[in-house]
file run-v3.pdb (PDB, C-alpha atoms)
ATOM      1  CA  MET A 258     -39.130  90.752  46.666
ATOM      2  CA  GLN A 259     -37.848  87.312  47.624
ATOM      3  CA  ARG A 260     -38.143  84.887  44.714
ATOM      4  CA  LEU A 261     -38.616  81.167  44.664
ATOM      5  CA  VAL A 262     -35.988  79.219  42.749
ATOM      6  CA  ALA A 263     -36.473  75.776  41.260
ATOM      7  CA  GLY A 264     -34.394  73.004  42.795
ATOM      8  CA  ARG A 265     -31.298  72.102  40.826
ATOM      9  CA  ARG A 266     -30.711  68.597  42.117
ATOM     10  CA  THR A 267     -32.633  65.371  41.899
ATOM     11  CA  VAL A 268     -32.815  62.800  44.676
ATOM     12  CA  ASP A 269     -29.647  61.051  43.451
ATOM     13  CA  GLY A 270     -27.623  64.248  43.837
ATOM     14  CA  GLU A 271     -27.193  64.949  40.124
ATOM     15  CA  PRO A 272     -28.433  68.206  38.609
ATOM     16  CA  ASP A 273     -31.823  67.806  36.984
ATOM     17  CA  MET A 274     -32.127  68.266  33.230
ATOM     18  CA  LYS A 275     -34.888  70.508  31.977
ATOM     19  CA  LEU A 276     -35.433  72.726  28.980
ATOM     20  CA  LEU A 277     -37.810  75.632  28.409
ATOM     21  CA  VAL A 278     -39.190  75.970  24.890
ATOM     22  CA  SER A 279     -39.997  79.627  24.355
ATOM     23  CA  GLY A 280     -40.615  81.735  21.282
ATOM     24  CA  THR A 281     -40.629  85.196  19.807
ATOM     25  CA  ASP A 282     -44.421  85.237  19.582
ATOM     26  CA  THR A 283     -47.531  83.115  19.955
ATOM     27  CA  GLY A 284     -48.669  80.666  17.298
ATOM     28  CA  ILE A 285     -45.174  80.085  15.906
ATOM     29  CA  GLY A 286     -44.676  76.350  16.530
ATOM     30  CA  LYS A 287     -43.617  75.905  20.158
ATOM     31  CA  THR A 288     -45.911  72.907  20.618
ATOM     32  CA  VAL A 289     -44.593  71.260  17.443
ATOM     33  CA  VAL A 290     -41.018  71.745  18.662
ATOM     34  CA  THR A 291     -41.864  70.504  22.167
ATOM     35  CA  CYS A 292     -43.507  67.342  20.843
ATOM     36  CA  SER A 293     -40.702  66.778  18.344
ATOM     37  CA  LEU A 294     -38.117  67.043  21.131
ATOM     38  CA  LEU A 295     -39.994  64.551  23.286
ATOM     39  CA  ARG A 296     -40.128  62.012  20.458
ATOM     40  CA  ALA A 297     -36.467  62.566  19.557
ATOM     41  CA  LEU A 298     -35.391  62.073  23.174
ATOM     42  CA  HIS A 299     -37.411  58.866  23.337
ATOM     43  CA  THR A 300     -35.653  57.464  20.261
ATOM     44  CA  ARG A 301     -32.341  58.049  22.069
ATOM     45  CA  GLY A 302     -33.498  56.061  25.060
ATOM     46  CA  MET A 303     -34.036  59.017  27.377
ATOM     47  CA  SER A 304     -37.053  59.139  29.658
ATOM     48  CA  ALA A 305     -38.660  62.515  29.014
ATOM     49  CA  ILE A 306     -41.930  64.185  29.824
ATOM     50  CA  GLY A 307     -43.544  67.376  28.625
ATOM     51  CA  MET A 308     -45.059  70.187  30.649
ATOM     52  CA  LYS A 309     -47.237  73.190  29.801
ATOM     53  CA  PRO A 310     -47.462  75.221  33.018
ATOM     54  CA  VAL A 311     -49.939  77.725  31.586
ATOM     55  CA  ALA A 312     -52.333  76.730  28.798
ATOM     56  CA  ALA A 313     -54.832  79.241  27.447
ATOM     57  CA  GLY A 314     -57.728  78.343  25.178
ATOM     58  CA  GLY A 315     -59.839  75.277  25.883
ATOM     59  CA  ASN A 316     -61.839  73.599  23.122
ATOM     60  CA  ALA A 317     -65.473  72.533  22.926
ATOM     61  CA  GLN A 318     -64.583  69.126  24.398
ATOM     62  CA  GLY A 319     -63.239  70.708  27.564
ATOM     63  CA  THR A 320     -59.600  69.922  26.782
ATOM     64  CA  TRP A 321     -56.617  71.964  25.590
ATOM     65  CA  ASP A 322     -55.176  70.977  22.207
ATOM     66  CA  ASP A 323     -51.562  71.848  22.999
ATOM     67  CA  VAL A 324     -51.700  70.022  26.334
ATOM     68  CA  GLU A 325     -53.137  66.891  24.726
ATOM     69  CA  GLN A 326     -50.493  66.966  22.006
ATOM     70  CA  ILE A 327     -47.728  67.224  24.600
ATOM     71  CA  ARG A 328     -49.210  64.412  26.667
ATOM     72  CA  GLY A 329     -49.500  62.271  23.558
ATOM     73  CA  ALA A 330     -45.857  62.868  22.618
ATOM     74  CA  SER A 331     -44.516  62.221  26.138
ATOM     75  CA  PRO A 332     -43.127  58.689  26.578
ATOM     76  CA  LEU A 333     -44.176  58.841  30.241
ATOM     77  CA  ALA A 334     -47.604  59.502  31.698
ATOM     78  CA  ALA A 335     -48.292  61.943  34.519
ATOM     79  CA  ALA A 336     -51.263  63.575  36.169
ATOM     80  CA  LEU A 337     -52.903  66.327  34.127
ATOM     81  CA  GLU A 338     -52.575  68.663  37.124
ATOM     82  CA  ASP A 339     -48.785  68.269  36.973
ATOM     83  CA  VAL A 340     -48.402  68.466  33.202
ATOM     84  CA  ALA A 341     -50.622  71.554  32.962
ATOM     85  CA  PRO A 342     -51.302  73.073  36.393
ATOM     86  CA  TYR A 343     -53.045  76.154  34.955
ATOM     87  CA  ARG A 344     -55.597  75.491  32.217
ATOM     88  CA  LEU A 345     -57.397  78.678  31.250
ATOM     89  CA  ARG A 346     -60.604  78.691  29.252
ATOM     90  CA  ALA A 347     -60.103  81.803  27.116
ATOM     91  CA  ALA A 348     -57.684  81.891  24.182
ATOM     92  CA  ALA A 349     -56.262  85.196  25.366
ATOM     93  CA  SER A 350     -53.319  86.685  27.202
ATOM     94  CA  PRO A 351     -53.130  84.751  30.492
ATOM     95  CA  HIS A 352     -53.604  87.856  32.642
ATOM     96  CA  PHE A 353     -56.964  88.368  30.922
ATOM     97  CA  ALA A 354     -57.905  84.681  31.028
ATOM     98  CA  THR A 355     -57.068  84.287  34.715
ATOM     99  CA  GLN A 356     -59.243  87.270  35.608
ATOM    100  CA  GLU A 357     -62.125  85.729  33.708
ATOM    101  CA  ASP A 358     -61.592  82.369  35.436
ATOM    102  CA  GLY A 359     -61.143  83.961  38.848
ATOM    103  CA  ILE A 360     -57.733  82.459  39.569
ATOM    104  CA  THR A 361     -54.179  83.703  40.187
ATOM    105  CA  ILE A 362     -51.107  81.966  38.803
ATOM    106  CA  GLN A 363     -48.653  81.145  41.574
ATOM    107  CA  GLU A 364     -45.026  80.211  40.979
ATOM    108  CA  ALA A 365     -45.031  77.781  43.908
ATOM    109  CA  VAL A 366     -47.771  75.706  42.277
ATOM    110  CA  VAL A 367     -45.764  75.434  39.038
ATOM    111  CA  LEU A 368     -42.564  74.527  40.888
ATOM    112  CA  ALA A 369     -44.323  71.813  42.887
ATOM    113  CA  ALA A 370     -45.718  70.271  39.706
ATOM    114  CA  LEU A 371     -42.314  70.499  37.997
ATOM    115  CA  GLY A 372     -40.680  68.811  40.971
ATOM    116  CA  ARG A 373     -43.047  65.865  40.708
ATOM    117  CA  LEU A 374     -42.344  65.508  36.991
ATOM    118  CA  GLU A 375     -38.597  65.608  37.614
ATOM    119  CA  GLN A 376     -38.971  62.549  39.833
ATOM    120  CA  LEU A 377     -40.448  60.645  36.872
ATOM    121  CA  ALA A 378     -38.080  61.498  34.037
ATOM    122  CA  GLU A 379     -34.492  62.238  33.128
ATOM    123  CA  MET A 380     -35.609  65.366  31.330
ATOM    124  CA  VAL A 381     -38.619  67.682  31.470
ATOM    125  CA  VAL A 382     -39.394  69.689  28.343
ATOM    126  CA  ILE A 383     -41.407  72.751  29.376
ATOM    127  CA  GLU A 384     -43.395  74.729  26.833
ATOM    128  CA  GLY A 385     -43.893  78.379  27.648
ATOM    129  CA  VAL A 386     -46.995  80.404  26.868
ATOM    130  CA  GLY A 387     -46.923  82.973  24.071
ATOM    131  CA  GLY A 388     -43.615  84.804  23.752
ATOM    132  CA  PHE A 389     -40.892  85.056  26.383
ATOM    133  CA  ARG A 390     -42.529  87.917  28.249
ATOM    134  CA  VAL A 391     -46.300  87.552  28.553
ATOM    135  CA  PRO A 392     -48.323  88.956  31.503
ATOM    136  CA  LEU A 393     -49.609  86.196  33.797
ATOM    137  CA  SER A 394     -51.010  88.422  36.537
ATOM    138  CA  PRO A 395     -50.751  92.085  37.576
ATOM    139  CA  ARG A 396     -47.308  91.396  39.107
ATOM    140  CA  LEU A 397     -46.051  88.281  37.325
ATOM    141  CA  ASP A 398     -45.118  87.551  33.737
ATOM    142  CA  SER A 399     -43.750  84.554  31.884
ATOM    143  CA  ALA A 400     -40.173  85.871  32.094
ATOM    144  CA  ASP A 401     -40.484  85.875  35.903
ATOM    145  CA  LEU A 402     -41.710  82.292  35.784
ATOM    146  CA  ALA A 403     -38.888  81.272  33.442
ATOM    147  CA  GLN A 404     -36.350  82.808  35.824
ATOM    148  CA  THR A 405     -37.886  80.906  38.717
ATOM    149  CA  ILE A 406     -37.802  77.620  36.822
ATOM    150  CA  GLY A 407     -34.169  78.287  35.887
ATOM    151  CA  ALA A 408     -34.046  76.053  32.817
ATOM    152  CA  PRO A 409     -31.945  76.722  29.718
ATOM    153  CA  VAL A 410     -34.074  78.133  26.907
ATOM    154  CA  LEU A 411     -34.649  76.865  23.381
ATOM    155  CA  LEU A 412     -36.019  79.731  21.298
ATOM    156  CA  VAL A 413     -38.436  79.085  18.423
ATOM    157  CA  VAL A 414     -38.233  81.699  15.670
ATOM    158  CA  PRO A 415     -40.686  81.824  12.730
ATOM    159  CA  MET A 416     -38.983  82.576   9.445
ATOM    160  CA  ARG A 417     -40.720  85.735   8.260
ATOM    161  CA  LEU A 418     -40.092  89.428   7.807
ATOM    162  CA  GLY A 419     -39.051  90.995  11.120
ATOM    163  CA  CYS A 420     -37.943  87.751  12.757
ATOM    164  CA  ILE A 421     -34.295  88.792  13.119
ATOM    165  CA  ASN A 422     -35.218  91.757  15.265
ATOM    166  CA  HIS A 423     -37.659  89.682  17.311
ATOM    167  CA  ALA A 424     -35.084  86.923  17.863
ATOM    168  CA  LEU A 425     -32.396  89.340  19.040
ATOM    169  CA  LEU A 426     -34.790  91.132  21.394
ATOM    170  CA  ALA A 427     -35.965  87.820  22.859
ATOM    171  CA  ALA A 428     -32.367  86.691  23.348
ATOM    172  CA  GLU A 429     -31.581  89.926  25.190
ATOM    173  CA  ALA A 430     -34.564  89.392  27.470
ATOM    174  CA  ILE A 431     -33.484  85.813  28.167
ATOM    175  CA  ALA A 432     -29.931  86.890  29.002
ATOM    176  CA  GLY A 433     -31.293  89.698  31.147
ATOM    177  CA  ARG A 434     -32.937  87.105  33.367
ATOM    178  CA  GLY A 435     -29.664  85.250  33.781
ATOM    179  CA  LEU A 436     -30.830  82.284  31.717
ATOM    180  CA  ALA A 437     -28.755  80.301  29.241
ATOM    181  CA  LEU A 438     -29.832  80.206  25.606
ATOM    182  CA  ALA A 439     -29.288  76.556  24.714
ATOM    183  CA  GLY A 440     -30.078  77.110  21.054
ATOM    184  CA  TRP A 441     -32.842  78.047  18.691
ATOM    185  CA  VAL A 442     -35.107  76.490  16.065
ATOM    186  CA  ALA A 443     -36.038  78.105  12.753
ATOM    187  CA  ASN A 444     -39.642  77.415  11.802
ATOM    188  CA  ALA A 445     -39.830  77.783   8.021
ATOM    189  CA  GLY A 446     -43.424  76.622   7.861
ATOM    190  CA  ILE A 447     -45.079  79.836   9.030
ATOM    191  CA  ASP A 448     -44.735  82.053   5.951
ATOM    192  CA  PRO A 449     -44.577  80.058   2.691
ATOM    193  CA  ASP A 450     -43.616  83.203   0.757
ATOM    194  CA  TYR A 451     -40.515  83.957   2.817
ATOM    195  CA  SER A 452     -37.516  82.960   0.684
ATOM    196  CA  ARG A 453     -34.457  84.103   2.652
ATOM    197  CA  ILE A 454     -34.415  81.245   5.140
ATOM    198  CA  ALA A 455     -30.739  80.265   4.804
ATOM    199  CA  GLN A 456     -29.512  83.871   5.003
ATOM    200  CA  THR A 457     -31.789  84.612   7.946
ATOM    201  CA  THR A 458     -30.649  81.493   9.791
ATOM    202  CA  ASP A 459     -26.984  82.440   9.335
ATOM    203  CA  THR A 460     -27.630  86.006  10.499
ATOM    204  CA  ILE A 461     -29.498  84.979  13.641
ATOM    205  CA  THR A 462     -26.988  82.257  14.549
ATOM    206  CA  GLY A 463     -24.069  84.640  14.145
ATOM    207  CA  ARG A 464     -25.633  87.313  16.320
ATOM    208  CA  LEU A 465     -27.085  85.054  19.016
ATOM    209  CA  HIS A 466     -23.895  83.002  19.421
ATOM    210  CA  ALA A 467     -26.187  80.011  20.002
ATOM    211  CA  PRO A 468     -26.576  77.021  17.686
ATOM    212  CA  CYS A 469     -29.515  76.525  15.381
ATOM    213  CA  VAL A 470     -30.587  72.991  16.277
ATOM    214  CA  GLY A 471     -32.960  72.584  13.351
ATOM    215  CA  THR A 472     -35.100  74.107  10.642
ATOM    216  CA  LEU A 473     -38.678  72.908  10.485
ATOM    217  CA  PRO A 474     -40.333  72.812   7.067
ATOM    218  CA  ARG A 475     -44.046  73.318   6.569
ATOM    219  CA  LEU A 476     -45.647  70.331   8.299
ATOM    220  CA  GLU A 477     -49.068  68.857   7.698
ATOM    221  CA  PHE A 478     -51.424  68.344  10.636
ATOM    222  CA  GLY A 479     -50.156  65.463  12.768
ATOM    223  CA  GLN A 480     -46.769  65.361  11.056
ATOM    224  CA  GLY A 481     -43.850  65.481  13.477
ATOM    225  CA  GLY A 482     -40.629  67.406  13.159
ATOM    226  CA  ALA A 483     -38.253  65.194  15.149
ATOM    227  CA  ASP A 484     -36.224  64.268  12.055
ATOM    228  CA  HIS A 485     -35.492  67.945  11.452
ATOM    229  CA  LEU A 486     -33.925  68.600  14.864
ATOM    230  CA  ASN A 487     -30.272  68.009  15.756
ATOM    231  CA  ILE A 488     -31.042  66.639  19.204
ATOM    232  CA  ASP A 489     -27.435  65.540  19.761
ATOM    233  CA  ARG A 490     -26.166  69.112  19.374
ATOM    234  CA  LEU A 491     -28.745  70.272  21.889
ATOM    235  CA  LEU A 492     -27.912  67.539  24.409
ATOM    236  CA  ILE A 493     -24.178  68.262  24.191
ATOM    237  CA  GLY A 494     -24.858  71.862  25.164
ATOM    238  CA  LEU A 495     -27.193  70.933  27.998
ATOM    239  CA  ARG A 496     -24.753  68.404  29.432
ATOM    240  CA  SER A 497     -21.937  70.925  29.183
ATOM    241  CA  GLN A 498     -24.018  73.316  31.254
ATOM    242  CA  GLN A 499     -24.555  70.545  33.793
ATOM    243  CA  THR A 500     -20.789  70.026  34.026
ATOM    244  CA  THR A 501     -20.279  73.762  34.570
ATOM    245  CA  TYR A 502     -22.906  73.690  37.311
ATOM    246  CA  ARG A 503     -21.192  70.771  39.112
ATOM    247  CA  ARG A 504     -17.874  72.633  39.083
ATOM    248  CA  CYS A 505     -19.546  75.674  40.647
ATOM    249  CA  THR A 506     -21.224  73.758  43.513
TER
END

call {"tool": "encode", "arguments": {"input": "run-v3.pdb", "output": "structure tokens"}}
result
Amino acid sequence: MQRLVAGRRTVDGEPDMKLLVSGTDTGIGKTVVTCSLLRALHTRGMSAIGMKPVAAGGNAQGTWDDVEQIRGASPLAAALEDVAPYRLRAAASPHFATQEDGITIQEAVVLAALGRLEQLAEMVVIEGVGGFRVPLSPRLDSADLAQTIGAPVLLVVPMRLGCINHALLAAEAIAGRGLALAGWVANAGIDPDYSRIAQTTDTITGRLHAPCVGTLPRLEFGQGGADHLNIDRLLIGLRSQQTTYRRCT
């Protein structure tokens, strides 16, 4: 099957900069990390905008909490249809929610929206849905969409029993799609009883061969995590990948 591939160059000829925030599971802090990245990039003078291609679970007000948080954290404004092209009503796996809404997720729609956002900002931070491989339709899953987008991946890992295995499996799936793992974030706010955070972080970093760019503590509602992320380490890696790309083209 012929696949679409996201464009790698902006109008000025330079490679675009984008980052996909994925995770080992759902409900493990991807939105917090996405919003924290957007705020950290803004403090460094970079124009950045967030994107949530597939959002599942609308609220009683007819909005999507994660989408509104991302829009609120983005220094730049964009049309809702570009920030979140697929907004599904049910808080369920997208392949269930799309059936209930009577729609089909199409990669071309996501790429078109991403292209418009790339014209607005130096960097687009894209939050995935659920874990790295979630069904979106009978023939498409989130790993397919990630491969089409072609962005380096930042993996969010909740610090809890079993997370080492989940992190390594997710990293294998990411590599299997030919995507770069830019780094990972340890979320220590998920399980307050988990005490082996430092040892777990060292183990995962050593086996992934990708930097841990931050450890998030338990955050109160509305509290950001930008101060807990090493954004400079992440940017160095992303820019290095850009340099490699220029040498290969």

call {"tool": "closest_residue", "arguments": {"input": "run-v3.pdb", "among": "A:Pro392, A:Gly446, A:Gly440, A:Gly385", "to": "Leu277 of chain A", "atoms": "only C-alpha atoms"}}
result
A:Gly385

call {"tool": "closest_residue", "arguments": {"input": "run-v3.pdb", "among": "A:Thr283, A:Thr472, A:Ser394, A:Thr457", "to": "Glu357 of chain A", "atoms": "all atoms listed in the file"}}
result
A:Ser394

call {"tool": "resolve_selection", "arguments": {"input": "run-v3.pdb", "expression": "the PyMOL selection byres ((chain A and resi 492) around 12)", "output": "JSON, numbers by chain"}}
result
{"A": [274, 275, 276, 294, 297, 298, 301, 303, 380, 409, 411, 439, 440, 468, 470, 486, 487, 488, 489, 490, 491, 493, 494, 495, 496, 497, 498, 499]}

call {"tool": "write_last_selection", "arguments": {"input": "run-v3.pdb", "atoms": "C-alpha atoms", "output": "PDB file, in the coordinates of the input"}}
result
ATOM      1  CA  MET A 274     -32.127  68.266  33.230  1.00  0.00           C
ATOM      2  CA  LYS A 275     -34.888  70.508  31.977  1.00  0.00           C
ATOM      3  CA  LEU A 276     -35.433  72.726  28.980  1.00  0.00           C
ATOM      4  CA  LEU A 294     -38.117  67.043  21.131  1.00  0.00           C
ATOM      5  CA  ALA A 297     -36.467  62.566  19.557  1.00  0.00           C
ATOM      6  CA  LEU A 298     -35.391  62.073  23.174  1.00  0.00           C
ATOM      7  CA  ARG A 301     -32.341  58.049  22.069  1.00  0.00           C
ATOM      8  CA  MET A 303     -34.036  59.017  27.377  1.00  0.00           C
ATOM      9  CA  MET A 380     -35.609  65.366  31.330  1.00  0.00           C
ATOM     10  CA  PRO A 409     -31.945  76.722  29.718  1.00  0.00           C
ATOM     11  CA  LEU A 411     -34.649  76.865  23.381  1.00  0.00           C
ATOM     12  CA  ALA A 439     -29.288  76.556  24.714  1.00  0.00           C
ATOM     13  CA  GLY A 440     -30.078  77.110  21.054  1.00  0.00           C
ATOM     14  CA  PRO A 468     -26.576  77.021  17.686  1.00  0.00           C
ATOM     15  CA  VAL A 470     -30.587  72.991  16.277  1.00  0.00           C
ATOM     16  CA  LEU A 486     -33.925  68.600  14.864  1.00  0.00           C
ATOM     17  CA  ASN A 487     -30.272  68.009  15.756  1.00  0.00           C
ATOM     18  CA  ILE A 488     -31.042  66.639  19.204  1.00  0.00           C
ATOM     19  CA  ASP A 489     -27.435  65.540  19.761  1.00  0.00           C
ATOM     20  CA  ARG A 490     -26.166  69.112  19.374  1.00  0.00           C
ATOM     21  CA  LEU A 491     -28.745  70.272  21.889  1.00  0.00           C
ATOM     22  CA  ILE A 493     -24.178  68.262  24.191  1.00  0.00           C
ATOM     23  CA  GLY A 494     -24.858  71.862  25.164  1.00  0.00           C
ATOM     24  CA  LEU A 495     -27.193  70.933  27.998  1.00  0.00           C
ATOM     25  CA  ARG A 496     -24.753  68.404  29.432  1.00  0.00           C
ATOM     26  CA  SER A 497     -21.937  70.925  29.183  1.00  0.00           C
ATOM     27  CA  GLN A 498     -24.018  73.316  31.254  1.00  0.00           C
ATOM     28  CA  GLN A 499     -24.555  70.545  33.793  1.00  0.00           C
TER      29      GLN A 499
END

call {"tool": "closest_residue", "arguments": {"input": "run-v3.pdb", "among": "A:Gly315, A:Gly372, A:Gly482, A:Gly359", "to": "Leu345 of chain A", "atoms": "all atoms listed in the file"}}
result
A:Gly315

call {"tool": "resolve_selection", "arguments": {"input": "run-v3.pdb", "expression": "the PyMOL selection byres ((chain A and resi 415-418) around 9)", "output": "list in words"}}
result
Gly280, Thr281, Asp282, Ile285, Gly286, Val413, Val414, Gly419, Cys420, Ile421, Val442, Ala443, Asn444, Ala445, Gly446, Ile447, Asp448, Pro449, Asp450, Tyr451, Ser452, Arg453, Ile454, Thr457 and Thr458 of chain A

call {"tool": "resolve_selection", "arguments": {"input": "run-v3.pdb", "expression": "the PyMOL selection byres ((chain A and resi 329-343) around 9)", "output": "ChimeraX atom specification"}}
result
/A:291-296,299,304-313,324-328,344-345,362,366-367,369-371,373-374,377-378

call {"tool": "atom_distance", "arguments": {"input": "run-v3.pdb", "atom1": "atom CA of Val410 of chain A", "atom2": "atom CA of Val278 of chain A"}}
result
5.9 Å

call {"tool": "closest_residue", "arguments": {"input": "run-v3.pdb", "among": "A:Ala483, A:Thr288, A:Ala432, A:Ala403", "to": "Glu384 of chain A", "atoms": "only C-alpha atoms"}}
result
A:Thr288

call {"tool": "axis_aligned_box", "arguments": {"input": "run-v3.pdb", "around": "segment 404-414 of chain A", "padding_each_side": "8 Å", "output": "JSON"}}
result
{"center_x": -35.2, "center_y": 79.4, "center_z": 27.2, "size_x": 22.5, "size_y": 22.8, "size_z": 39.0}

call {"tool": "build_atoms", "arguments": {"input": "run-v3.pdb", "residues": "segment 487-495 of chain A", "atoms": "all heavy atoms", "output": "compact mmCIF listing (two decimals), keeping the file's coordinate frame"}}
result
# COMPACT_ATOMS: atom_id res chain seq x y z
N ASN A 487 -31.56 68.59 15.38
CA ASN A 487 -30.27 68.01 15.76
C ASN A 487 -30.25 67.87 17.28
O ASN A 487 -29.69 68.72 17.99
CB ASN A 487 -29.13 68.88 15.25
CG ASN A 487 -27.78 68.22 15.43
OD1 ASN A 487 -27.60 67.35 16.29
ND2 ASN A 487 -26.81 68.63 14.63
N ILE A 488 -30.89 66.82 17.76
CA ILE A 488 -31.04 66.64 19.20
C ILE A 488 -29.70 66.41 19.88
O ILE A 488 -29.49 66.80 21.03
CB ILE A 488 -32.01 65.47 19.49
CG1 ILE A 488 -32.42 65.46 20.96
CG2 ILE A 488 -31.43 64.16 19.07
CD1 ILE A 488 -33.30 66.60 21.37
N ASP A 489 -28.75 65.80 19.16
CA ASP A 489 -27.44 65.54 19.76
C ASP A 489 -26.70 66.84 20.05
O ASP A 489 -26.06 66.99 21.10
CB ASP A 489 -26.60 64.66 18.83
CG ASP A 489 -27.19 63.26 18.69
OD1 ASP A 489 -27.70 62.73 19.70
OD2 ASP A 489 -27.18 62.72 17.57
N ARG A 490 -26.80 67.81 19.14
CA ARG A 490 -26.17 69.11 19.37
C ARG A 490 -26.76 69.78 20.60
O ARG A 490 -26.06 70.37 21.42
CB ARG A 490 -26.34 70.00 18.14
CG ARG A 490 -25.78 71.40 18.32
CD ARG A 490 -26.01 72.24 17.08
NE ARG A 490 -25.22 71.75 15.96
CZ ARG A 490 -25.26 72.28 14.74
NH1 ARG A 490 -26.06 73.31 14.49
NH2 ARG A 490 -24.52 71.80 13.78
N LEU A 491 -28.07 69.67 20.74
CA LEU A 491 -28.74 70.27 21.89
C LEU A 491 -28.33 69.59 23.19
O LEU A 491 -28.03 70.26 24.19
CB LEU A 491 -30.26 70.17 21.71
CG LEU A 491 -31.13 70.74 22.83
CD1 LEU A 491 -30.90 72.23 22.98
CD2 LEU A 491 -32.60 70.45 22.56
N LEU A 492 -28.27 68.28 23.19
CA LEU A 492 -27.91 67.54 24.41
C LEU A 492 -26.47 67.81 24.83
O LEU A 492 -26.18 67.90 26.03
CB LEU A 492 -28.13 66.04 24.20
CG LEU A 492 -29.58 65.58 24.14
CD1 LEU A 492 -29.66 64.10 23.77
CD2 LEU A 492 -30.29 65.83 25.47
N ILE A 493 -25.58 67.96 23.86
CA ILE A 493 -24.18 68.26 24.19
C ILE A 493 -24.12 69.58 24.95
O ILE A 493 -23.42 69.70 25.97
CB ILE A 493 -23.32 68.32 22.92
CG1 ILE A 493 -23.11 66.91 22.36
CG2 ILE A 493 -21.97 68.97 23.20
CD1 ILE A 493 -22.46 66.88 20.99
N GLY A 494 -24.85 70.58 24.48
CA GLY A 494 -24.86 71.86 25.16
C GLY A 494 -25.46 71.78 26.55
O GLY A 494 -24.94 72.38 27.50
N LEU A 495 -26.56 71.05 26.69
CA LEU A 495 -27.19 70.93 28.00
C LEU A 495 -26.30 70.20 28.99
O LEU A 495 -26.20 70.59 30.15
CB LEU A 495 -28.53 70.21 27.85
CG LEU A 495 -29.63 70.96 27.10
CD1 LEU A 495 -30.85 70.07 26.91
CD2 LEU A 495 -30.01 72.23 27.83
